[in-house]
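To start, the structure under review is shown below, and the notes come after it.
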Amino acid sequence: MSSEASNPASGKPGEEWALKFASVHNGRVALVTGAARGIGLGIAAWLIAEGWQVVLTDLDRARGSKVAGALGENALFIAMDVASEEQVAAGVAEVLRQFGRLDALVCNAAIADPHNTTLESLELSHWNRVLAVNLGGPMLLAKHCAPYLRAHCGSIVNLTSTRSRQSEADTEAYAASKGGLMALTHALAISLGPEIRVNAVSPGWIDARDPSLRRAEPLSETDHAQHPAGRVGTVEDVAAMVAWLLSRNAGFVTGQEFVVDGGMTRKMVYAE
């Protein structure tokens, strides 16, 4: 998220994740993975502000429970490793036990290793773990959620990445997983339609750091200015797109990718 504060008057989640959110429940239930921080937390907060009941999942039990408590009565946290079919099945069963329905699945959990590893030193175990979480996880979640999503003409949104179409050096595992997730998205759209819509959102540079860190280390004017949109992306930019795709207003949209990157993938960049 950029150093610019959100507008509290907008009715959407603001700068701090601990703000109070709307308590009116619209009757719909969403499961959001990787929701203890960053983009996943922003999506969960946005959906709660729109009246959804949101089940947040993450490996970080302590933080997940803390943020769910801060988000209010329309938030529930379940610890989950999305690469474990046993944990996925148990988590989905708990959602049904608690709420009796599921209307939306947002697959955000992913390993994005900031310490890029050269191909020559890339360990197979690391490669397998990245693909198991980033690609296998969404497959397992779709598999176990599909019967319940189908019952309510629900929707799936996968968080892919602009790295599925362009790369920095030494990002083979991450890029491959996100490219595979884009392919999985359109495959699921065909297999699960017409009852279930499946789409992907591909974020570019999103400043998803905790608010305290964004204030302590704000991004530079150069960081913002290089984007055709004039700024680095915010968590809310991504959350707004996800919320629209889950809404009935997107009822004719499936199998598509929506790039939220401030125009960077359309910009020619040459060394001067």
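Letters A, B, ... mark the chains of the structure tokens in the order given; residue numbers begin at 1 per chain; ligand numbers begin at 1, in order shown.
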Residues of stretch 219-258 of chain A within 10 Å of stretch 32-48 of chain A: nearest atom pair and distance (Å, one decimal) for each, counting only C-alpha atoms, sorted by chain and number, as CSV?
residue,atom,partner,partner_atom,distance
A:Thr234,CA,A:Ile39,CA,8.6
A:Val235,CA,A:Ile39,CA,5.3
A:Glu236,CA,A:Gly42,CA,6.3
A:Asp237,CA,A:Gly42,CA,9.4
A:Val238,CA,A:Ile39,CA,7.2
A:Ala239,CA,A:Ile43,CA,4.5
A:Ala240,CA,A:Trp46,CA,7.4
A:Met241,CA,A:Ile43,CA,9.3
A:Val242,CA,A:Ile43,CA,7.2
A:Ala243,CA,A:Leu47,CA,6.5
A:Trp244,CA,A:Leu47,CA,10.0
A:Leu246,CA,A:Leu47,CA,9.5
List the spatial neighbours of A:Gly136 as a ChimeraX atom specification - criterion: any atom at most 10 Å away, only C-alpha atoms, same-chain residues fewer than 4 positions off excluded.
/A:82-85,128-132,140-142,177,180-181,184
What lies within 8 Å of stretch 167-170 of chain A using only C-alpha atoms, ignoring chain neighbours under 4 positions off, as a VMD selection string?
chain A and resid 116 to 119 163 175
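If you look at atom CA of A:Phe99 and atom CA of A:Val54, they are 10.3 Å away from each other.
For the atom pair formed by atom CA of A:Ile190 and atom CA of A:Tyr148, the distance is 17.5 Å, given to one decimal.
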Can you tell me how far atom CA of A:Val198 sits from atom CA of A:Ile78, in Å to one decimal?
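Rounded to one decimal, the two atoms are 23.2 Å apart.
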Check the DSSP output for the backbone and give back, as a ChimeraX atom specification, the residues of stretch 13-216 of chain A in helix (DSSP H, G or I).
/A:38-49,61-71,85-99,119-121,124-151,162-164,172-192,211-216
Show me, as a PyMOL selection string, the residues that have an atom within 6 Å of A:Ala79 when counting only C-alpha atoms, minus same-chain residues fewer than 4 positions from it.
chain A and resi 57-59+61
The selected residues should be written to file as an mmCIF file, in the first residue's frame (atoms: all heavy atoms).
data_model
loop_
_atom_site.group_PDB
_atom_site.id
_atom_site.type_symbol
_atom_site.label_atom_id
_atom_site.label_comp_id
_atom_site.auth_asym_id
_atom_site.auth_seq_id
_atom_site.Cartn_x
_atom_site.Cartn_y
_atom_site.Cartn_z
ATOM 1 N N THR A 57 -8.080 -17.649 6.334
ATOM 2 C CA THR A 57 -7.177 -18.752 6.634
ATOM 3 C C THR A 57 -5.738 -18.297 6.446
ATOM 4 O O THR A 57 -5.450 -17.412 5.650
ATOM 5 C CB THR A 57 -7.430 -19.982 5.741
ATOM 6 O OG1 THR A 57 -6.845 -19.767 4.445
ATOM 7 C CG2 THR A 57 -8.914 -20.272 5.591
ATOM 8 N N ASP A 58 -4.844 -18.947 7.187
ATOM 9 C CA ASP A 58 -3.423 -18.633 7.093
ATOM 10 C C ASP A 58 -2.665 -19.656 7.924
ATOM 11 O O ASP A 58 -3.250 -20.339 8.769
ATOM 12 C CB ASP A 58 -3.155 -17.220 7.629
ATOM 13 C CG ASP A 58 -1.886 -16.603 7.048
ATOM 14 O OD1 ASP A 58 -0.784 -16.932 7.537
ATOM 15 O OD2 ASP A 58 -1.991 -15.803 6.100
ATOM 16 N N LEU A 59 -1.353 -19.740 7.694
ATOM 17 C CA LEU A 59 -0.504 -20.573 8.539
ATOM 18 C C LEU A 59 -0.203 -19.884 9.867
ATOM 19 O O LEU A 59 0.094 -20.549 10.863
ATOM 20 C CB LEU A 59 0.809 -20.878 7.826
ATOM 21 C CG LEU A 59 0.795 -21.972 6.759
ATOM 22 C CD1 LEU A 59 2.148 -22.041 6.072
ATOM 23 C CD2 LEU A 59 0.446 -23.329 7.363
ATOM 24 N N ARG A 61 -1.174 -18.621 12.945
ATOM 25 C CA ARG A 61 -2.334 -18.706 13.834
ATOM 26 C C ARG A 61 -2.491 -17.463 14.703
ATOM 27 O O ARG A 61 -3.600 -16.933 14.854
ATOM 28 C CB ARG A 61 -2.216 -19.939 14.744
ATOM 29 C CG ARG A 61 -2.309 -21.274 14.013
ATOM 30 C CD ARG A 61 -2.013 -22.417 14.962
ATOM 31 N NE ARG A 61 -2.098 -23.717 14.298
ATOM 32 C CZ ARG A 61 -3.186 -24.464 14.271
ATOM 33 N NH1 ARG A 61 -4.283 -24.045 14.886
ATOM 34 N NH2 ARG A 61 -3.180 -25.634 13.650
#
Could you give me, as JSON lines, a per-residue list for stretch 61-156 of chain A showing, wherever an atom lies at most 8 Å from an atom of stretch 25-30 of chain A, the closest pair of atoms and their distance in Å to one decimal, using only C-alpha atoms and sorting by chain then residue number from low to high?
{"residue": "A:Asn74", "atom": "CA", "partner": "A:His25", "partner_atom": "CA", "distance": 7.3}
{"residue": "A:Phe99", "atom": "CA", "partner": "A:Val29", "partner_atom": "CA", "distance": 7.6}
{"residue": "A:Arg101", "atom": "CA", "partner": "A:Val29", "partner_atom": "CA", "distance": 6.8}
{"residue": "A:Leu102", "atom": "CA", "partner": "A:Val29", "partner_atom": "CA", "distance": 5.1}
{"residue": "A:Asp103", "atom": "CA", "partner": "A:Val29", "partner_atom": "CA", "distance": 5.3}
{"residue": "A:Ala104", "atom": "CA", "partner": "A:Ala30", "partner_atom": "CA", "distance": 4.5}
{"residue": "A:Leu105", "atom": "CA", "partner": "A:Ala30", "partner_atom": "CA", "distance": 5.7}
{"residue": "A:Val106", "atom": "CA", "partner": "A:Ala30", "partner_atom": "CA", "distance": 7.5}
Let's see if you can do this: from backbone DSSP, list all strand (DSSP E) residues in stretch 35-219 of chain A, as a tab-separated table (two decimals) with all heavy atoms, in the first residue's frame.
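out-v1.tsv was written with the following content:
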chain	number	residue	atom	x	y	z
A	53	GLN	N	-19.85	-12.40	5.35
A	53	GLN	CA	-19.20	-13.18	6.40
A	53	GLN	C	-17.93	-13.74	5.78
A	53	GLN	O	-17.99	-14.39	4.73
A	53	GLN	CB	-20.10	-14.32	6.88
A	53	GLN	CG	-19.43	-15.28	7.85
A	53	GLN	CD	-19.17	-14.65	9.20
A	53	GLN	OE1	-20.07	-14.09	9.81
A	53	GLN	NE2	-17.94	-14.74	9.67
A	54	VAL	N	-16.78	-13.49	6.39
A	54	VAL	CA	-15.51	-13.90	5.80
A	54	VAL	C	-14.77	-14.85	6.73
A	54	VAL	O	-14.59	-14.57	7.92
A	54	VAL	CB	-14.62	-12.69	5.48
A	54	VAL	CG1	-13.28	-13.15	4.89
A	54	VAL	CG2	-15.32	-11.76	4.49
A	55	VAL	N	-14.35	-15.97	6.16
A	55	VAL	CA	-13.49	-16.91	6.87
A	55	VAL	C	-12.07	-16.69	6.36
A	55	VAL	O	-11.79	-16.87	5.17
A	55	VAL	CB	-13.93	-18.37	6.64
A	55	VAL	CG1	-13.00	-19.32	7.37
A	55	VAL	CG2	-15.38	-18.56	7.08
A	56	LEU	N	-11.19	-16.26	7.25
A	56	LEU	CA	-9.80	-16.02	6.91
A	56	LEU	C	-8.99	-17.27	7.23
A	56	LEU	O	-9.17	-17.88	8.29
A	56	LEU	CB	-9.23	-14.85	7.71
A	56	LEU	CG	-9.86	-13.47	7.56
A	56	LEU	CD1	-11.10	-13.31	8.43
A	56	LEU	CD2	-8.85	-12.38	7.94
A	57	THR	N	-8.08	-17.65	6.33
A	57	THR	CA	-7.18	-18.75	6.63
A	57	THR	C	-5.74	-18.30	6.45
A	57	THR	O	-5.45	-17.41	5.65
A	57	THR	CB	-7.43	-19.98	5.74
A	57	THR	OG1	-6.85	-19.77	4.45
A	57	THR	CG2	-8.91	-20.27	5.59
A	58	ASP	N	-4.84	-18.95	7.19
A	58	ASP	CA	-3.42	-18.63	7.09
A	58	ASP	C	-2.66	-19.66	7.92
A	58	ASP	O	-3.25	-20.34	8.77
A	58	ASP	CB	-3.15	-17.22	7.63
A	58	ASP	CG	-1.89	-16.60	7.05
A	58	ASP	OD1	-0.78	-16.93	7.54
A	58	ASP	OD2	-1.99	-15.80	6.10
A	75	ALA	N	-16.03	-11.92	10.94
A	75	ALA	CA	-14.77	-12.56	10.57
A	75	ALA	C	-14.53	-13.77	11.45
A	75	ALA	O	-14.79	-13.76	12.66
A	75	ALA	CB	-13.61	-11.58	10.72
A	76	LEU	N	-14.02	-14.83	10.84
A	76	LEU	CA	-13.64	-16.05	11.56
A	76	LEU	C	-12.31	-16.51	11.00
A	76	LEU	O	-12.11	-16.49	9.78
A	76	LEU	CB	-14.70	-17.14	11.37
A	76	LEU	CG	-14.33	-18.53	11.92
A	76	LEU	CD1	-14.36	-18.52	13.44
A	76	LEU	CD2	-15.29	-19.61	11.38
A	77	PHE	N	-11.39	-16.93	11.88
A	77	PHE	CA	-10.09	-17.42	11.42
A	77	PHE	C	-10.00	-18.92	11.57
A	77	PHE	O	-10.40	-19.49	12.59
A	77	PHE	CB	-8.96	-16.76	12.21
A	77	PHE	CG	-7.61	-17.34	11.86
A	77	PHE	CD1	-7.01	-17.04	10.64
A	77	PHE	CD2	-6.96	-18.21	12.72
A	77	PHE	CE1	-5.78	-17.60	10.29
A	77	PHE	CE2	-5.73	-18.76	12.39
A	77	PHE	CZ	-5.15	-18.45	11.16
A	78	ILE	N	-9.43	-19.58	10.54
A	78	ILE	CA	-9.13	-21.00	10.57
A	78	ILE	C	-7.69	-21.18	10.10
A	78	ILE	O	-7.33	-20.71	9.02
A	78	ILE	CB	-10.07	-21.81	9.65
A	78	ILE	CG1	-11.52	-21.72	10.12
A	78	ILE	CG2	-9.63	-23.27	9.58
A	78	ILE	CD1	-12.49	-22.41	9.17
A	79	ALA	N	-6.86	-21.84	10.89
A	79	ALA	CA	-5.49	-22.13	10.46
A	79	ALA	C	-5.52	-23.18	9.35
A	79	ALA	O	-6.27	-24.16	9.44
A	79	ALA	CB	-4.66	-22.62	11.64
A	104	ALA	N	-18.23	-17.85	-1.99
A	104	ALA	CA	-17.07	-17.33	-2.70
A	104	ALA	C	-15.79	-17.91	-2.13
A	104	ALA	O	-15.67	-18.14	-0.92
A	104	ALA	CB	-17.02	-15.80	-2.63
A	105	LEU	N	-14.82	-18.13	-3.02
A	105	LEU	CA	-13.49	-18.60	-2.64
A	105	LEU	C	-12.48	-17.65	-3.26
A	105	LEU	O	-12.49	-17.41	-4.47
A	105	LEU	CB	-13.27	-20.02	-3.15
A	105	LEU	CG	-11.83	-20.55	-3.12
A	105	LEU	CD1	-11.33	-20.67	-1.67
A	105	LEU	CD2	-11.74	-21.90	-3.83
A	106	VAL	N	-11.58	-17.11	-2.43
A	106	VAL	CA	-10.50	-16.25	-2.91
A	106	VAL	C	-9.18	-16.92	-2.55
A	106	VAL	O	-8.84	-17.04	-1.37
A	106	VAL	CB	-10.57	-14.84	-2.28
A	106	VAL	CG1	-9.42	-13.98	-2.81
A	106	VAL	CG2	-11.91	-14.19	-2.58
A	107	CYS	N	-8.45	-17.37	-3.57
A	107	CYS	CA	-7.19	-18.07	-3.36
A	107	CYS	C	-6.03	-17.08	-3.46
A	107	CYS	O	-5.59	-16.73	-4.55
A	107	CYS	CB	-7.02	-19.19	-4.39
A	107	CYS	SG	-8.23	-20.51	-4.22
A	155	SER	N	-18.58	-18.09	-6.79
A	155	SER	CA	-17.51	-17.57	-7.62
A	155	SER	C	-16.16	-17.84	-6.97
A	155	SER	O	-16.05	-17.87	-5.74
A	155	SER	CB	-17.70	-16.06	-7.83
A	155	SER	OG	-16.67	-15.52	-8.62
A	156	ILE	N	-15.14	-18.03	-7.82
A	156	ILE	CA	-13.76	-18.20	-7.37
A	156	ILE	C	-12.92	-17.09	-7.98
A	156	ILE	O	-13.06	-16.79	-9.18
A	156	ILE	CB	-13.19	-19.57	-7.79
A	156	ILE	CG1	-13.98	-20.71	-7.16
A	156	ILE	CG2	-11.71	-19.69	-7.42
A	156	ILE	CD1	-13.59	-22.10	-7.67
A	157	VAL	N	-12.05	-16.49	-7.19
A	157	VAL	CA	-11.05	-15.56	-7.70
A	157	VAL	C	-9.68	-16.05	-7.25
A	157	VAL	O	-9.44	-16.24	-6.05
A	157	VAL	CB	-11.28	-14.12	-7.21
A	157	VAL	CG1	-10.14	-13.22	-7.68
A	157	VAL	CG2	-12.61	-13.59	-7.73
A	158	ASN	N	-8.79	-16.26	-8.21
A	158	ASN	CA	-7.41	-16.64	-7.93
A	158	ASN	C	-6.51	-15.41	-8.05
A	158	ASN	O	-6.61	-14.67	-9.03
A	158	ASN	CB	-6.94	-17.72	-8.90
A	158	ASN	CG	-7.67	-19.03	-8.71
A	158	ASN	OD1	-7.94	-19.44	-7.58
A	158	ASN	ND2	-7.98	-19.71	-9.81
A	159	LEU	N	-5.64	-15.22	-7.08
A	159	LEU	CA	-4.66	-14.15	-7.14
A	159	LEU	C	-3.42	-14.67	-7.86
A	159	LEU	O	-2.65	-15.45	-7.30
A	159	LEU	CB	-4.32	-13.64	-5.74
A	159	LEU	CG	-5.20	-12.53	-5.17
A	159	LEU	CD1	-5.06	-11.25	-5.97
A	159	LEU	CD2	-6.66	-12.95	-5.10
A	197	ARG	N	-18.47	-19.23	-11.47
A	197	ARG	CA	-17.57	-18.39	-12.28
A	197	ARG	C	-16.18	-18.42	-11.65
A	197	ARG	O	-16.04	-18.41	-10.42
A	197	ARG	CB	-18.07	-16.96	-12.36
A	197	ARG	CG	-19.41	-16.81	-13.08
A	197	ARG	CD	-19.85	-15.36	-13.16
A	197	ARG	NE	-20.01	-14.74	-11.84
A	197	ARG	CZ	-19.17	-13.88	-11.31
A	197	ARG	NH1	-18.09	-13.49	-11.96
A	197	ARG	NH2	-19.40	-13.37	-10.11
A	198	VAL	N	-15.14	-18.41	-12.50
A	198	VAL	CA	-13.76	-18.44	-12.01
A	198	VAL	C	-12.95	-17.40	-12.77
A	198	VAL	O	-12.90	-17.44	-14.01
A	198	VAL	CB	-13.12	-19.83	-12.20
A	198	VAL	CG1	-11.75	-19.88	-11.51
A	198	VAL	CG2	-14.03	-20.93	-11.66
A	199	ASN	N	-12.31	-16.49	-12.05
A	199	ASN	CA	-11.50	-15.44	-12.67
A	199	ASN	C	-10.20	-15.27	-11.90
A	199	ASN	O	-10.02	-15.82	-10.81
A	199	ASN	CB	-12.27	-14.12	-12.70
A	199	ASN	CG	-13.45	-14.16	-13.66
A	199	ASN	OD1	-13.27	-14.15	-14.87
A	199	ASN	ND2	-14.66	-14.21	-13.12
A	200	ALA	N	-9.30	-14.50	-12.48
A	200	ALA	CA	-8.00	-14.24	-11.86
A	200	ALA	C	-7.73	-12.74	-11.80
A	200	ALA	O	-8.09	-12.00	-12.71
A	200	ALA	CB	-6.89	-14.93	-12.64
A	201	VAL	N	-7.09	-12.32	-10.72
A	201	VAL	CA	-6.60	-10.95	-10.59
A	201	VAL	C	-5.09	-11.02	-10.49
A	201	VAL	O	-4.55	-11.76	-9.65
A	201	VAL	CB	-7.19	-10.25	-9.36
A	201	VAL	CG1	-6.54	-8.88	-9.16
A	201	VAL	CG2	-8.70	-10.10	-9.52
A	202	SER	N	-4.39	-10.27	-11.34
A	202	SER	CA	-2.93	-10.27	-11.36
A	202	SER	C	-2.41	-8.92	-10.88
A	202	SER	O	-2.38	-7.95	-11.65
A	202	SER	CB	-2.42	-10.55	-12.78
A	202	SER	OG	-2.72	-11.87	-13.17
A	203	PRO	N	-2.00	-8.81	-9.63
A	203	PRO	CA	-1.46	-7.54	-9.13
A	203	PRO	C	-0.05	-7.29	-9.65
A	203	PRO	O	0.72	-8.23	-9.89
A	203	PRO	CB	-1.44	-7.74	-7.61
A	203	PRO	CG	-2.28	-8.95	-7.34
A	203	PRO	CD	-2.14	-9.80	-8.56
Nearest residue to A:Arg209 out of A:Gly233, A:Ile196, A:Gln226, A:Gly154, using only C-alpha atoms?
A:Gly233
Find the residue from A:Leu71, A:Ala110, A:Ala49, A:Leu31 that sits nearest to A:Val95; use only C-alpha atoms when measuring.
A:Leu31
Who sits within 12 Å of A:Pro228, only C-alpha atoms, same chain under 2 positions skipped, as a PyMOL selection string
chain A and resi 222-226+230-233+260-269
Would you put the residues from that selection into a file with N, CA, C and O atoms, as a CSV table (one decimal), in the first residue's frame?
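selection.csv, written as the output of this step:
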chain,number,residue,atom,x,y,z
A,222,THR,N,10.0,8.5,-7.0
A,222,THR,CA,10.4,7.8,-8.2
A,222,THR,C,9.6,6.5,-8.3
A,222,THR,O,9.2,6.0,-9.4
A,223,ASP,N,9.4,5.8,-7.1
A,223,ASP,CA,8.7,4.6,-7.1
A,223,ASP,C,7.3,4.8,-7.7
A,223,ASP,O,6.8,4.0,-8.5
A,224,HIS,N,6.6,5.9,-7.3
A,224,HIS,CA,5.3,6.2,-7.7
A,224,HIS,C,5.3,6.6,-9.2
A,224,HIS,O,4.5,6.2,-10.0
A,225,ALA,N,6.2,7.5,-9.5
A,225,ALA,CA,6.2,8.2,-10.8
A,225,ALA,C,6.4,7.3,-12.0
A,225,ALA,O,6.0,7.6,-13.1
A,226,GLN,N,7.1,6.2,-11.8
A,226,GLN,CA,7.4,5.3,-12.9
A,226,GLN,C,6.1,4.5,-13.4
A,226,GLN,O,6.1,4.0,-14.5
A,230,GLY,N,0.6,6.8,-12.0
A,230,GLY,CA,1.2,7.8,-11.1
A,230,GLY,C,1.5,7.4,-9.7
A,230,GLY,O,1.9,8.3,-8.9
A,231,ARG,N,1.3,6.2,-9.4
A,231,ARG,CA,1.5,5.7,-8.0
A,231,ARG,C,1.6,4.2,-8.0
A,231,ARG,O,1.2,3.5,-8.9
A,232,VAL,N,2.3,3.7,-6.9
A,232,VAL,CA,2.3,2.3,-6.6
A,232,VAL,C,0.9,1.9,-6.1
A,232,VAL,O,0.1,2.7,-5.6
A,233,GLY,N,0.6,0.6,-6.4
A,233,GLY,CA,-0.8,0.1,-6.0
A,233,GLY,C,-1.0,0.0,-4.5
A,233,GLY,O,0.0,-0.2,-3.7
A,260,VAL,N,-4.0,-5.6,-12.4
A,260,VAL,CA,-4.1,-4.4,-11.5
A,260,VAL,C,-2.6,-4.0,-11.2
A,260,VAL,O,-2.0,-4.4,-10.2
A,261,ASP,N,-2.1,-3.2,-12.2
A,261,ASP,CA,-0.6,-2.9,-12.0
A,261,ASP,C,-0.3,-1.5,-12.4
A,261,ASP,O,0.9,-1.2,-12.7
A,262,GLY,N,-1.3,-0.6,-12.4
A,262,GLY,CA,-1.0,0.8,-12.8
A,262,GLY,C,-0.5,1.0,-14.2
A,262,GLY,O,0.1,2.0,-14.4
A,263,GLY,N,-0.7,0.0,-15.0
A,263,GLY,CA,-0.3,0.2,-16.4
A,263,GLY,C,1.1,-0.3,-16.7
A,263,GLY,O,1.6,-0.2,-17.9
A,264,MET,N,1.8,-0.9,-15.7
A,264,MET,CA,3.3,-1.2,-15.9
A,264,MET,C,3.5,-2.2,-17.0
A,264,MET,O,4.5,-2.2,-17.7
A,265,THR,N,2.6,-3.2,-17.2
A,265,THR,CA,2.9,-4.2,-18.2
A,265,THR,C,2.6,-3.7,-19.6
A,265,THR,O,2.8,-4.4,-20.6
A,266,ARG,N,2.1,-2.5,-19.7
A,266,ARG,CA,1.9,-1.9,-21.0
A,266,ARG,C,2.9,-0.8,-21.3
A,266,ARG,O,2.9,-0.2,-22.4
A,267,LYS,N,3.9,-0.7,-20.5
A,267,LYS,CA,4.9,0.4,-20.6
A,267,LYS,C,6.2,-0.2,-21.2
A,267,LYS,O,6.8,-1.2,-20.6
A,268,MET,N,6.7,0.4,-22.3
A,268,MET,CA,8.0,0.0,-22.8
A,268,MET,C,9.1,0.6,-21.9
A,268,MET,O,9.1,1.8,-21.6
A,269,VAL,N,10.1,-0.2,-21.5
A,269,VAL,CA,11.2,0.2,-20.7
A,269,VAL,C,12.5,-0.1,-21.3
A,269,VAL,O,12.8,-1.3,-21.6
